[in-house]
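Worksheet: the structure to be examined is printed underneath.
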Amino acid sequence: MPGSDPAFHALDVAAVCGALGTDPSRGLTADEAARRLEDDGPNELQAIPKTPWWRLVGQQFHDALLAILAAAAVVSALVGELTDALTIVAIILLNAILGFVQAFRAEQAIAALREMLAPSATVIRDGKPTAIDARAVVRGDLVSLSLGDRVPADLRILKATDLAVDESAITGESQAVTKSTDATASDVPLAERTSMVFMGTAVTRGSATGVVTGTGTHTEFGQVATLTQSIDEEPTRLQVRLNQLGKLLGIASVTVALIVVLIGVITGRPLGEMAYMGIALAVAVVPEGLPAVVTITLALGVRQMHRRHVIVRHLQATESLGSTSVICTDKTGTLTQNRMTAVGVWMTSAAYPLRDGAPDGQPEEVRSDHRRLLTCAATCNRAEVTGDPDAPLLGAPTETALLALPGATDLRRPIERELPFDSERKRMTVTSGAHVYMKGAPEVVLERCSRHLHHGRALPLDDDVRGRIQQALQDMADRGERTLAFADGDLPADASDGGFERDLVFLGLVAITDPPRPEVPEAIGQATAAGITTVMITGDNPRTALAIAQGVGLRAHRAVTGPELDRLSRDELVALLDDPPVFARVSPTHKLDIIDAWQSRGAQVAMTGDGVNDAPALKKADVGIAMGQRGTEVARSASDILLVDDNFASIVAGVEEGRRQYDNIRKFVRYLLSSNAGEVIAITGALLVGLPPILLPVQILWANLVTDGVTSIALGAEKAHAATMTRPPRDPAETILDRRGSIGIGLAGSYIGLATLLVFWWYLRQGGDLATRAQTVAFTGLILFEKINVFNFRSLTTPLYRIGWFSNVPLLVAAGASMGLQVLAVYLPFLQDALHTVPMTRGDWLVLLVVGLPLLLIGELVKVFRPPREAHRAQAA
């Protein structure tokens, strides 16, 4: 990814200073710096304009269902039904408020990027070091860096002393990177440009002086910000499906209302009465409570997700996670523990893993060799003991891993002289009393050893032993482990600096790695069983990444690096995903390309990330998942979901919860539509056979909102089906309402509508206050039949006696409460006036029960006798 200039890392110091017009010892003059600041602008990122609150409010009304309701409210007001009109308006406002509350969040990604930048910087101008505001740093400035500093701009290193920089936020590299002044090849990836340091990274060791090669948006950091800003957020598939359903229902409601009004006018009904009937039908077709029920169900699901260590920032992301078919995951901290740990020791006398840091089960002579090696590892070490129980050790990750070994701090000896580690020496040597201790790269340490330790004796280091050491190193490298070698010796009496780094005794090797989380292999197995492909995308080196991937159960057979991706065409990249590799040493643009390739194959992609470099990919993915513990604020702002514990297993738990929520949304959509279909059939049937209006608009609104809405929300609390995580992800083209679901809605709706019509007709024949009493019984019967019908939708495949009558207590309470409200509607005077009802007798209730119970019995019998293959299809549907 281009930053300030991709060539500077490949130029020598003199060429860089010449190209930038900088004196390598005195820096820029104050006048020249002021001129460049005027020309290039301040060293800061451009802000993205935030969405104003009034626009967020307006966006809540871009919904087909709400548009139909608004039209119904207008017509109701025009025909004089102000109560109905106000009720509908209240429904519209309720939905808008719920949506606005969830959408009212600022775009914080660029603001968070700014917060990570250095507030000040030390520059050398006119030969003098000066502390200035980091925004005043210009291209060509000399900048001094020391331990703890945050790098204010992209720099080419001119001088360095034991410099190491944490670049994880930019490159994804999990370990601090040792830097030097040496130029690198021009085509190396960003993570391997060891002659450069980048804006927003942090110095973890040493000091340096560098020349600024780029500022503001002309840095690697700035390029990430620009890339993040350029990515538009797409609506989730649930939003698309609900909008499609809303448009379909809108067309249906208008069509049905117009047809019925036309039929009524042709048959001689008064136009005013038919207009009122048209409103009733339009209201009956539209499930007014659906937007609110979906929102509330997703909001309740947020609490369930939090219990599973997942925080949902955007409600729709819950369902999106449930439909995920590909999880692109980082390695460090998500699949691994994000804690460098010494996991094994190899000595010429023994090789053994370190369980809890101790050489369990080894004989005393091996333990003696281990103590000597441990003494070297603890003494040749710059990590410090802090006394803080939350962070007991402070220092470089590999050194804290060594000092954390049991007994290490007790064996530590005071350092008298030190030759520090750097990129050229590749070793650290210290003296303590009459002893010399060395640790470093194995090949460098071995060059300075003539003997090896074996059961307390120093034996010649011959070719056979060296061959055994090389084989051990190869085995550790194949496992993706970082290896350090250790040696000690006696300090010569006349040794000068460096003169004591010879004729040492090789003590052994220690393997250090960031071990996998113990629960990750099982979680990956669960994801695989659910038809989800897990892909590792990391900034780490390919050998380590592949070893970790295979260790946790990923089916990757090779690692592909960023430079290799650059040589692939888009079609070749898409084809590569037939057998997904591990992607290592990748840049932000590579991550975008990988996500785009998966999406072109129809995949629903979830992407994890924690660094600045992950922000564009998090926005591009269907579901962006940021790390809650180690994630930068930038990554969190660009994400849809946060992992509280940074654990891959929590993603899989979130997938299960998302699938449960979608299944329940589909259930209550079908339930609501079957109820509405019953209302339409009852109203239309009454008209066609010449009966008076069977239901009034306000009664339909009461049924759809007050009673159906409550039970729908409770239906959303249904537990996950046993097969939830053993079926493949949903087809991206699948709609909420398919052919099978439409048939079920039609059958259940027909029963409800015809039963209600039958009851209405029967009571009209009884005489008395014909319309009001018959209408009250039909109105109550409709609600009772719908409450009975809701139990058919608890499972689309499994009968109630198997899933348990009392396994969804909220639904039982909601159904009971809904019928309780209907009782009040029938017997309370003020509700009788509002809903146009009269009291019912016990016999009326008994008639309704007898007519309604077969609806549940038929549904249960269908599930019991359905063939297994049909049951599986229904569950998948």
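A note on labels: chains of the structure tokens are A, B, ... as shown, every chain counts residues from 1, and ligands are counted from 1 in their shown order.
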
* Residue list (helix (DSSP H, G or I), DSSP) for range 582-741 of chain A, as number ranges by chain -> A: 588-600, 612-620, 633-638, 648-688, 697-715, 739-741

* Find the residues around Leu618 in chain A up to 7 Å (only C-alpha atoms counted), leave out those fewer than 2 positions away in its own chain, and share them as number ranges by chain. => A: 607-609, 614-616, 620-621, 624-625, 638-639

* Could you name the residues that touch Val345 in chain A at 7 Å or less, counting only C-alpha atoms, but leaving out those on the same chain fewer than 6 positions away, as an MDAnalysis selection string? -> chainID A and resid 351:353 509:511

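Counting only C-alpha atoms, the residue from A:Glu564, A:Arg466, A:Gly278, A:Ala549 that sits nearest to Val188 in chain A is A:Glu564.
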
* To do: Considering only C-alpha atoms, return as JSON, numbers by chain whatever protein or nucleic-acid residues lie within 12 Å of range 565-580 of chain A, sequence-local ones (same chain, fewer than 3 positions apart) excluded.
  => {"A": [1, 187, 188, 189, 326, 327, 328, 533, 534, 535, 536, 537, 546, 549, 554, 555, 556, 557, 558, 559, 560, 561, 562, 583, 584, 585, 586, 587, 589, 590, 591, 592, 593, 594, 595, 596, 597, 598, 599, 600, 601, 602, 603]}

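Separating CA of Phe865 in chain A from CA of Val851 in chain A is a distance of 23.1 Å.
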
As a PDB file with all heavy atoms, in the first residue's frame, please: every residue in range 537-653 of chain A that DSSP puts in strand (DSSP E).
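Result written to part-v5.pdb:
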```pdb
ATOM      1  N   ALA A 559       0.734 -21.117   2.772  1.00  0.00           N
ATOM      2  CA  ALA A 559       0.566 -19.706   3.096  1.00  0.00           C
ATOM      3  C   ALA A 559       0.872 -18.882   1.853  1.00  0.00           C
ATOM      4  O   ALA A 559       1.826 -19.180   1.125  1.00  0.00           O
ATOM      5  CB  ALA A 559       1.472 -19.302   4.249  1.00  0.00           C
ATOM      6  N   VAL A 560       0.065 -17.864   1.611  1.00  0.00           N
ATOM      7  CA  VAL A 560       0.255 -16.953   0.485  1.00  0.00           C
ATOM      8  C   VAL A 560       0.519 -15.566   1.059  1.00  0.00           C
ATOM      9  O   VAL A 560      -0.235 -15.085   1.907  1.00  0.00           O
ATOM     10  CB  VAL A 560      -0.979 -16.928  -0.433  1.00  0.00           C
ATOM     11  CG1 VAL A 560      -0.828 -15.869  -1.524  1.00  0.00           C
ATOM     12  CG2 VAL A 560      -1.199 -18.304  -1.060  1.00  0.00           C
ATOM     13  N   THR A 561       1.575 -14.925   0.599  1.00  0.00           N
ATOM     14  CA  THR A 561       1.962 -13.621   1.138  1.00  0.00           C
ATOM     15  C   THR A 561       1.414 -12.481   0.288  1.00  0.00           C
ATOM     16  O   THR A 561       0.965 -12.692  -0.852  1.00  0.00           O
ATOM     17  CB  THR A 561       3.484 -13.503   1.212  1.00  0.00           C
ATOM     18  OG1 THR A 561       4.024 -13.567  -0.120  1.00  0.00           O
ATOM     19  CG2 THR A 561       4.080 -14.618   2.062  1.00  0.00           C
ATOM     20  N   VAL A 582      -3.586 -19.824   4.072  1.00  0.00           N
ATOM     21  CA  VAL A 582      -3.358 -18.778   5.069  1.00  0.00           C
ATOM     22  C   VAL A 582      -2.793 -17.572   4.329  1.00  0.00           C
ATOM     23  O   VAL A 582      -1.921 -17.709   3.470  1.00  0.00           O
ATOM     24  CB  VAL A 582      -2.360 -19.263   6.143  1.00  0.00           C
ATOM     25  CG1 VAL A 582      -1.862 -18.101   6.990  1.00  0.00           C
ATOM     26  CG2 VAL A 582      -3.003 -20.311   7.021  1.00  0.00           C
ATOM     27  N   PHE A 583      -3.311 -16.391   4.629  1.00  0.00           N
ATOM     28  CA  PHE A 583      -2.797 -15.162   4.018  1.00  0.00           C
ATOM     29  C   PHE A 583      -1.912 -14.460   5.044  1.00  0.00           C
ATOM     30  O   PHE A 583      -2.371 -14.125   6.146  1.00  0.00           O
ATOM     31  CB  PHE A 583      -3.944 -14.261   3.593  1.00  0.00           C
ATOM     32  CG  PHE A 583      -4.786 -14.834   2.487  1.00  0.00           C
ATOM     33  CD1 PHE A 583      -5.987 -15.471   2.767  1.00  0.00           C
ATOM     34  CD2 PHE A 583      -4.371 -14.751   1.172  1.00  0.00           C
ATOM     35  CE1 PHE A 583      -6.761 -16.003   1.763  1.00  0.00           C
ATOM     36  CE2 PHE A 583      -5.139 -15.293   0.150  1.00  0.00           C
ATOM     37  CZ  PHE A 583      -6.340 -15.923   0.447  1.00  0.00           C
ATOM     38  N   ALA A 584      -0.634 -14.270   4.690  1.00  0.00           N
ATOM     39  CA  ALA A 584       0.339 -13.689   5.615  1.00  0.00           C
ATOM     40  C   ALA A 584       1.045 -12.505   4.965  1.00  0.00           C
ATOM     41  O   ALA A 584       1.080 -12.371   3.743  1.00  0.00           O
ATOM     42  CB  ALA A 584       1.365 -14.747   6.020  1.00  0.00           C
ATOM     43  N   VAL A 605     -19.347 -12.431   4.564  1.00  0.00           N
ATOM     44  CA  VAL A 605     -18.014 -12.429   5.158  1.00  0.00           C
ATOM     45  C   VAL A 605     -18.005 -11.660   6.477  1.00  0.00           C
ATOM     46  O   VAL A 605     -18.448 -10.512   6.545  1.00  0.00           O
ATOM     47  CB  VAL A 605     -16.982 -11.806   4.192  1.00  0.00           C
ATOM     48  CG1 VAL A 605     -15.585 -11.849   4.801  1.00  0.00           C
ATOM     49  CG2 VAL A 605     -16.998 -12.543   2.858  1.00  0.00           C
ATOM     50  N   ALA A 606     -17.489 -12.314   7.509  1.00  0.00           N
ATOM     51  CA  ALA A 606     -17.189 -11.643   8.776  1.00  0.00           C
ATOM     52  C   ALA A 606     -15.680 -11.476   8.854  1.00  0.00           C
ATOM     53  O   ALA A 606     -14.925 -12.397   8.514  1.00  0.00           O
ATOM     54  CB  ALA A 606     -17.689 -12.462   9.961  1.00  0.00           C
ATOM     55  N   MET A 607     -15.238 -10.302   9.284  1.00  0.00           N
ATOM     56  CA  MET A 607     -13.809  -9.995   9.343  1.00  0.00           C
ATOM     57  C   MET A 607     -13.456  -9.514  10.738  1.00  0.00           C
ATOM     58  O   MET A 607     -14.130  -8.650  11.294  1.00  0.00           O
ATOM     59  CB  MET A 607     -13.475  -8.895   8.322  1.00  0.00           C
ATOM     60  CG  MET A 607     -12.057  -8.346   8.421  1.00  0.00           C
ATOM     61  SD  MET A 607     -10.825  -9.479   7.750  1.00  0.00           S
ATOM     62  CE  MET A 607      -9.309  -8.739   8.375  1.00  0.00           C
ATOM     63  N   THR A 608     -12.408 -10.102  11.316  1.00  0.00           N
ATOM     64  CA  THR A 608     -11.943  -9.641  12.613  1.00  0.00           C
ATOM     65  C   THR A 608     -10.733  -8.734  12.434  1.00  0.00           C
ATOM     66  O   THR A 608      -9.997  -8.843  11.447  1.00  0.00           O
ATOM     67  CB  THR A 608     -11.551 -10.809  13.531  1.00  0.00           C
ATOM     68  OG1 THR A 608     -10.304 -11.370  13.090  1.00  0.00           O
ATOM     69  CG2 THR A 608     -12.612 -11.883  13.543  1.00  0.00           C
ATOM     70  N   GLY A 609     -10.544  -7.833  13.390  1.00  0.00           N
ATOM     71  CA  GLY A 609      -9.383  -6.950  13.313  1.00  0.00           C
ATOM     72  C   GLY A 609      -9.219  -6.180  14.604  1.00  0.00           C
ATOM     73  O   GLY A 609     -10.157  -6.042  15.392  1.00  0.00           O
ATOM     74  N   VAL A 623     -19.842  -8.238   8.101  1.00  0.00           N
ATOM     75  CA  VAL A 623     -19.827  -8.063   9.551  1.00  0.00           C
ATOM     76  C   VAL A 623     -18.398  -7.754   9.973  1.00  0.00           C
ATOM     77  O   VAL A 623     -17.505  -8.579   9.778  1.00  0.00           O
ATOM     78  CB  VAL A 623     -20.317  -9.319  10.303  1.00  0.00           C
ATOM     79  CG1 VAL A 623     -20.426  -9.027  11.791  1.00  0.00           C
ATOM     80  CG2 VAL A 623     -21.656  -9.791   9.770  1.00  0.00           C
ATOM     81  N   GLY A 624     -18.176  -6.564  10.526  1.00  0.00           N
ATOM     82  CA  GLY A 624     -16.858  -6.199  11.039  1.00  0.00           C
ATOM     83  C   GLY A 624     -16.796  -6.488  12.527  1.00  0.00           C
ATOM     84  O   GLY A 624     -17.647  -6.021  13.298  1.00  0.00           O
ATOM     85  N   ILE A 625     -15.794  -7.261  12.942  1.00  0.00           N
ATOM     86  CA  ILE A 625     -15.679  -7.688  14.336  1.00  0.00           C
ATOM     87  C   ILE A 625     -14.365  -7.164  14.896  1.00  0.00           C
ATOM     88  O   ILE A 625     -13.288  -7.586  14.470  1.00  0.00           O
ATOM     89  CB  ILE A 625     -15.722  -9.229  14.452  1.00  0.00           C
ATOM     90  CG1 ILE A 625     -16.986  -9.778  13.784  1.00  0.00           C
ATOM     91  CG2 ILE A 625     -15.658  -9.656  15.914  1.00  0.00           C
ATOM     92  CD1 ILE A 625     -17.012 -11.295  13.687  1.00  0.00           C
ATOM     93  N   ALA A 626     -14.437  -6.251  15.839  1.00  0.00           N
ATOM     94  CA  ALA A 626     -13.240  -5.678  16.448  1.00  0.00           C
ATOM     95  C   ALA A 626     -12.991  -6.306  17.810  1.00  0.00           C
ATOM     96  O   ALA A 626     -13.904  -6.806  18.467  1.00  0.00           O
ATOM     97  CB  ALA A 626     -13.384  -4.165  16.590  1.00  0.00           C
ATOM     98  N   MET A 627     -11.723  -6.265  18.219  1.00  0.00           N
ATOM     99  CA  MET A 627     -11.343  -6.817  19.512  1.00  0.00           C
ATOM    100  C   MET A 627     -11.626  -5.799  20.617  1.00  0.00           C
ATOM    101  O   MET A 627     -11.198  -4.647  20.526  1.00  0.00           O
ATOM    102  CB  MET A 627      -9.856  -7.188  19.516  1.00  0.00           C
ATOM    103  CG  MET A 627      -9.454  -8.162  18.422  1.00  0.00           C
ATOM    104  SD  MET A 627     -10.297  -9.753  18.528  1.00  0.00           S
ATOM    105  CE  MET A 627     -11.419  -9.641  17.132  1.00  0.00           C
ATOM    106  N   ILE A 641     -19.452  -5.228  15.511  1.00  0.00           N
ATOM    107  CA  ILE A 641     -19.502  -6.073  16.701  1.00  0.00           C
ATOM    108  C   ILE A 641     -18.164  -5.996  17.415  1.00  0.00           C
ATOM    109  O   ILE A 641     -17.107  -5.902  16.773  1.00  0.00           O
ATOM    110  CB  ILE A 641     -19.817  -7.541  16.296  1.00  0.00           C
ATOM    111  CG1 ILE A 641     -21.307  -7.667  15.924  1.00  0.00           C
ATOM    112  CG2 ILE A 641     -19.474  -8.520  17.389  1.00  0.00           C
ATOM    113  CD1 ILE A 641     -21.669  -9.021  15.360  1.00  0.00           C
ATOM    114  N   LEU A 642     -18.189  -6.045  18.744  1.00  0.00           N
ATOM    115  CA  LEU A 642     -16.973  -6.090  19.554  1.00  0.00           C
ATOM    116  C   LEU A 642     -16.934  -7.410  20.310  1.00  0.00           C
ATOM    117  O   LEU A 642     -17.947  -7.848  20.866  1.00  0.00           O
ATOM    118  CB  LEU A 642     -16.941  -4.943  20.564  1.00  0.00           C
ATOM    119  CG  LEU A 642     -16.904  -3.513  20.035  1.00  0.00           C
ATOM    120  CD1 LEU A 642     -16.926  -2.533  21.204  1.00  0.00           C
ATOM    121  CD2 LEU A 642     -15.663  -3.288  19.201  1.00  0.00           C
ATOM    122  N   LEU A 643     -15.764  -8.033  20.341  1.00  0.00           N
ATOM    123  CA  LEU A 643     -15.557  -9.229  21.156  1.00  0.00           C
ATOM    124  C   LEU A 643     -14.993  -8.792  22.503  1.00  0.00           C
ATOM    125  O   LEU A 643     -13.890  -8.259  22.573  1.00  0.00           O
ATOM    126  CB  LEU A 643     -14.580 -10.200  20.483  1.00  0.00           C
ATOM    127  CG  LEU A 643     -15.040 -10.866  19.184  1.00  0.00           C
ATOM    128  CD1 LEU A 643     -14.008 -11.919  18.772  1.00  0.00           C
ATOM    129  CD2 LEU A 643     -16.399 -11.493  19.333  1.00  0.00           C
TER     130      LEU A 643
END
```

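For the pair CA of Gln832 in chain A and CA of Leu82 in chain A, the interatomic distance is 17.1 Å.
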